[in-house]
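Quick notes on the structure that follows.
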Amino acid sequence: MSYNFRPYDQDQLHLLPESLDDWVPEESFARFLSEVIDHLWDSGKLKAFSDKRNKSGKGGAAFHPALMLKLLLCCYCQGVMSSRKIAQGVRNNVELRYLTGNQLPRYRAIAEFRKQHLDALQALFVEVLVLCQEAGLAKMGKVALDGRKVQSNASLDKNRTKESLQREREELEKDVQRLLHEADLVDEQEDKDGAPTGAPDDLPLEFRSKQDRLRRITEAHQRLVDKENQAKDEQAAKIEQRDHEEQETGKKKRGRKPKPVDAIKDESKANTTDPESRILKTRKGYVQGYNGQAMADCESQVIVAQDLTQQENDVNQLKPMLERCEEQAGARPQIGLFDAGYWSEENAKSGGDTTLYIATLKDHKQRKAFKDQKAPRGRKPKNLSPREEMERKLLTKKGKELYKRRSGTIEPVFGQMWTRGFHRFLLRGKDKVRGEWSLWCTCHNILKLWSSGWSVG
């Protein structure tokens, strides 16, 4: 009795070499992504990715920017962000081999490409958004804005006060000077022995690591010094204003006198790993990170504007994000939906051509207000404060229906990012992290474009 198995031989040779193109399905995301990047490249819209290359043709040949961009975007869309894991994936994943044309870039080349083209990645977000608009996915009717506090590549326990940073800085400066002195002694001895001179940047690893740490500690210390000086300047202005008012009236003002300037002492902390990151409060506790802002279209959940800030809350981001939307999407939205984190009387007046619906209460309290309070009737009363006017607008039938769209628009966007593995940033420094946040948002929009069924040409 014989079993009916298909022939199986791992050493089987083929008469003709197989094409990777035959191994990738027509409907695959990798093929779609390749067509999108080729379209943008052929249109001259990705020229920024080749501008930093040496145009003389000298030096080692680099991987084509379109290849590297396809590889980076495809892996990010799958939640793979580590350059080492991306390089490993190219060796094992057929779709990645298809995108690279069977070339195998190493992890250093991938990391360097990402690091060198952060500005170009910001511009790529706009180009992908234009494609989404052409596909009818970003009509700029109703949008919702929110912020996501994301952990940086730094730990909370690396925060230090100004005094501890000063002590650590002094100790590191002594170590750096000691290592420099030892290096000078070694150079002198080698000169006497006639030994060949090393490369100018051939410094001991210990020296380079200490020098880098000294730079970061100096930056963190200077930030705290600047913050304390600013607080002292503000206190001095208060004292001067109080003295001026007392001189004008001839009477001493009631209430507690402001503290003397010398008594002002800022107790803030700064991070020695990433001095530009901040301690941010989230629902699950505190994280060391950045505040990523995203504005999404209510119909398609496509991100129409994005940016990143160091600020601990969202209240100062409404107006800048409306301007960012005009800059990145080419127009302001007709209606904007915002939670209570964006509420202020100044923000309520900053909509311009955009009709703003800003919650004045936290979400659970706002839902209770919708449930318990009836919709206002009749003409709008005169002399309402900005807060009362906004509350009245939210309680109308139209206001309730519109505001309910907010959480169902922007929260799923952040949820989808989280599901893909966008849990923390890999880079350090505000400018680099802003480029990484832009890359996350670009990947989100590319996936929305793909799932819509849109095709190039």
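Numbering starts fresh at 1 for the residues of each chain in the structure tokens, the chains themselves are lettered A, B, ... in the order given, and ligands are numbered from 1 as they appear.
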Next on the checklist: Need the shell around A:Asp21: protein/DNA/RNA residues with any atom at most 10 Å away, counting only C-alpha atoms. Skip same-chain ones fewer than 4 positions apart. Format as a PyMOL selection string?
Outcome noted: chain A and resi 25-26+31+94-95+97-99+101
Next on the checklist: Can you tell me which residues surround stretch 339-345 of chain A at a distance of at most 9 Å, considering only C-alpha atoms, apart from same-chain residues fewer than 4 positions away, and format the answer as a PyMOL selection string?
Outcome noted: chain A and resi 144-146+313-318+349+357-363+366+385-387+403+406-407
With N, CA and C atoms kept, could you save the residues just selected as a PDB file, in the first residue's frame?
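File written: part.pdb
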ATOM      1  N   ALA A 144     -11.719  65.497  13.927  1.00  0.00           N
ATOM      2  CA  ALA A 144     -11.562  65.391  15.379  1.00  0.00           C
ATOM      3  C   ALA A 144     -10.080  65.424  15.704  1.00  0.00           C
ATOM      4  N   LEU A 145      -9.735  66.133  16.762  1.00  0.00           N
ATOM      5  CA  LEU A 145      -8.335  66.300  17.176  1.00  0.00           C
ATOM      6  C   LEU A 145      -8.142  65.743  18.574  1.00  0.00           C
ATOM      7  N   ASP A 146      -7.002  65.089  18.795  1.00  0.00           N
ATOM      8  CA  ASP A 146      -6.641  64.644  20.143  1.00  0.00           C
ATOM      9  C   ASP A 146      -5.130  64.437  20.201  1.00  0.00           C
ATOM     10  N   ASN A 313       0.000  69.107  28.369  1.00  0.00           N
ATOM     11  CA  ASN A 313      -1.431  69.038  28.093  1.00  0.00           C
ATOM     12  C   ASN A 313      -1.708  69.567  26.685  1.00  0.00           C
ATOM     13  N   ASP A 314      -2.991  69.536  26.293  1.00  0.00           N
ATOM     14  CA  ASP A 314      -3.369  69.853  24.912  1.00  0.00           C
ATOM     15  C   ASP A 314      -3.896  71.272  24.716  1.00  0.00           C
ATOM     16  N   VAL A 315      -4.061  72.023  25.794  1.00  0.00           N
ATOM     17  CA  VAL A 315      -4.812  73.276  25.708  1.00  0.00           C
ATOM     18  C   VAL A 315      -4.204  74.277  24.727  1.00  0.00           C
ATOM     19  N   ASN A 316      -2.893  74.239  24.556  1.00  0.00           N
ATOM     20  CA  ASN A 316      -2.246  75.200  23.659  1.00  0.00           C
ATOM     21  C   ASN A 316      -2.052  74.672  22.243  1.00  0.00           C
ATOM     22  N   GLN A 317      -2.682  73.541  21.930  1.00  0.00           N
ATOM     23  CA  GLN A 317      -2.440  72.911  20.625  1.00  0.00           C
ATOM     24  C   GLN A 317      -3.561  73.122  19.613  1.00  0.00           C
ATOM     25  N   LEU A 318      -4.694  73.670  20.024  1.00  0.00           N
ATOM     26  CA  LEU A 318      -5.825  73.788  19.106  1.00  0.00           C
ATOM     27  C   LEU A 318      -5.516  74.721  17.935  1.00  0.00           C
ATOM     28  N   LYS A 349     -12.496  81.216  20.591  1.00  0.00           N
ATOM     29  CA  LYS A 349     -12.589  82.334  19.648  1.00  0.00           C
ATOM     30  C   LYS A 349     -11.636  82.192  18.462  1.00  0.00           C
ATOM     31  N   TYR A 357     -16.506  72.809  18.131  1.00  0.00           N
ATOM     32  CA  TYR A 357     -17.289  72.187  19.194  1.00  0.00           C
ATOM     33  C   TYR A 357     -16.281  71.648  20.214  1.00  0.00           C
ATOM     34  N   ILE A 358     -16.093  72.389  21.310  1.00  0.00           N
ATOM     35  CA  ILE A 358     -15.096  72.029  22.320  1.00  0.00           C
ATOM     36  C   ILE A 358     -15.824  71.681  23.613  1.00  0.00           C
ATOM     37  N   ALA A 359     -15.639  70.479  24.110  1.00  0.00           N
ATOM     38  CA  ALA A 359     -16.264  70.092  25.373  1.00  0.00           C
ATOM     39  C   ALA A 359     -15.707  70.948  26.504  1.00  0.00           C
ATOM     40  N   THR A 360     -16.579  71.345  27.404  1.00  0.00           N
ATOM     41  CA  THR A 360     -16.141  72.125  28.568  1.00  0.00           C
ATOM     42  C   THR A 360     -16.014  71.241  29.800  1.00  0.00           C
ATOM     43  N   LEU A 361     -16.431  69.965  29.675  1.00  0.00           N
ATOM     44  CA  LEU A 361     -16.350  69.006  30.773  1.00  0.00           C
ATOM     45  C   LEU A 361     -15.623  67.753  30.298  1.00  0.00           C
ATOM     46  N   LYS A 362     -15.076  66.989  31.217  1.00  0.00           N
ATOM     47  CA  LYS A 362     -14.455  65.719  30.861  1.00  0.00           C
ATOM     48  C   LYS A 362     -15.504  64.795  30.244  1.00  0.00           C
ATOM     49  N   ASP A 363     -15.032  63.808  29.485  1.00  0.00           N
ATOM     50  CA  ASP A 363     -15.932  62.994  28.667  1.00  0.00           C
ATOM     51  C   ASP A 363     -17.103  62.398  29.435  1.00  0.00           C
ATOM     52  N   GLN A 366     -19.441  65.083  30.339  1.00  0.00           N
ATOM     53  CA  GLN A 366     -20.105  65.621  29.151  1.00  0.00           C
ATOM     54  C   GLN A 366     -21.233  64.691  28.702  1.00  0.00           C
ATOM     55  N   SER A 385     -21.373  84.186  28.411  1.00  0.00           N
ATOM     56  CA  SER A 385     -19.916  84.072  28.405  1.00  0.00           C
ATOM     57  C   SER A 385     -19.508  83.060  27.341  1.00  0.00           C
ATOM     58  N   PRO A 386     -18.255  83.073  26.903  1.00  0.00           N
ATOM     59  CA  PRO A 386     -17.821  82.077  25.902  1.00  0.00           C
ATOM     60  C   PRO A 386     -18.085  80.642  26.342  1.00  0.00           C
ATOM     61  N   ARG A 387     -17.909  80.377  27.627  1.00  0.00           N
ATOM     62  CA  ARG A 387     -18.162  79.015  28.130  1.00  0.00           C
ATOM     63  C   ARG A 387     -19.645  78.669  28.044  1.00  0.00           C
ATOM     64  N   TYR A 403     -20.771  66.005  18.307  1.00  0.00           N
ATOM     65  CA  TYR A 403     -19.722  65.712  19.285  1.00  0.00           C
ATOM     66  C   TYR A 403     -19.572  64.213  19.529  1.00  0.00           C
ATOM     67  N   ARG A 406     -16.738  62.460  17.748  1.00  0.00           N
ATOM     68  CA  ARG A 406     -15.334  62.714  18.104  1.00  0.00           C
ATOM     69  C   ARG A 406     -14.611  61.451  18.539  1.00  0.00           C
ATOM     70  N   SER A 407     -15.132  60.811  19.605  1.00  0.00           N
ATOM     71  CA  SER A 407     -14.431  59.637  20.147  1.00  0.00           C
ATOM     72  C   SER A 407     -14.413  58.481  19.164  1.00  0.00           C
TER      73      SER A 407
END
Next on the checklist: With only C-alpha atoms as the counted atoms, please give the residues lying no more than 12 Å from stretch 129-135 of chain A, apart from itself and same-chain residues fewer than 2 positions off, as JSON, numbers by chain.
Outcome noted: {"A": [36, 37, 39, 40, 45, 122, 123, 124, 125, 126, 127, 137, 138, 139, 140, 296, 297, 300, 301, 302, 303, 304, 305, 306, 325, 327, 328, 329, 330, 331, 438, 441, 442, 443, 444, 445, 446, 447, 448, 449, 450, 451, 452, 453, 454, 455, 456, 457]}
Checklist entry - When you draw a straight line from atom CA of A:Lys393 to atom CA of A:Met295, how long is it in Å? => result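 Atom CA of A:Lys393 sits 21.6 Å away from atom CA of A:Met295.
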Item to check | Which residue of A:Phe49, A:Trp41, A:Phe414, A:Tyr290 approaches A:Leu121 most closely, using only C-alpha atoms | outcome: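 Looking at the shortest contact to A:Leu121, the residue is A:Phe49.
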Non-local contacts of A:Lys432 (9 Å; only C-alpha atoms; under 5 positions in same chain excluded) as a PDB file with N, CA and C atoms, in the first residue's frame:
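Full text of part.pdb as output:
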ATOM      1  N   LYS A 115      17.577  58.070   9.851  1.00  0.00           N
ATOM      2  CA  LYS A 115      18.131  59.210  10.588  1.00  0.00           C
ATOM      3  C   LYS A 115      18.383  60.404   9.673  1.00  0.00           C
ATOM      4  N   LEU A 118      14.710  62.482   8.050  1.00  0.00           N
ATOM      5  CA  LEU A 118      13.559  62.797   8.894  1.00  0.00           C
ATOM      6  C   LEU A 118      12.751  63.956   8.316  1.00  0.00           C
ATOM      7  N   ASP A 119      13.424  64.968   7.760  1.00  0.00           N
ATOM      8  CA  ASP A 119      12.702  66.093   7.151  1.00  0.00           C
ATOM      9  C   ASP A 119      11.920  65.630   5.918  1.00  0.00           C
ATOM     10  N   LEU A 427      13.842  56.871  18.564  1.00  0.00           N
ATOM     11  CA  LEU A 427      14.831  57.935  18.438  1.00  0.00           C
ATOM     12  C   LEU A 427      14.762  58.863  19.642  1.00  0.00           C
ATOM     13  N   TRP A 437       7.153  60.314  14.551  1.00  0.00           N
ATOM     14  CA  TRP A 437       5.691  60.434  14.679  1.00  0.00           C
ATOM     15  C   TRP A 437       5.055  60.643  13.304  1.00  0.00           C
TER      16      TRP A 437
END
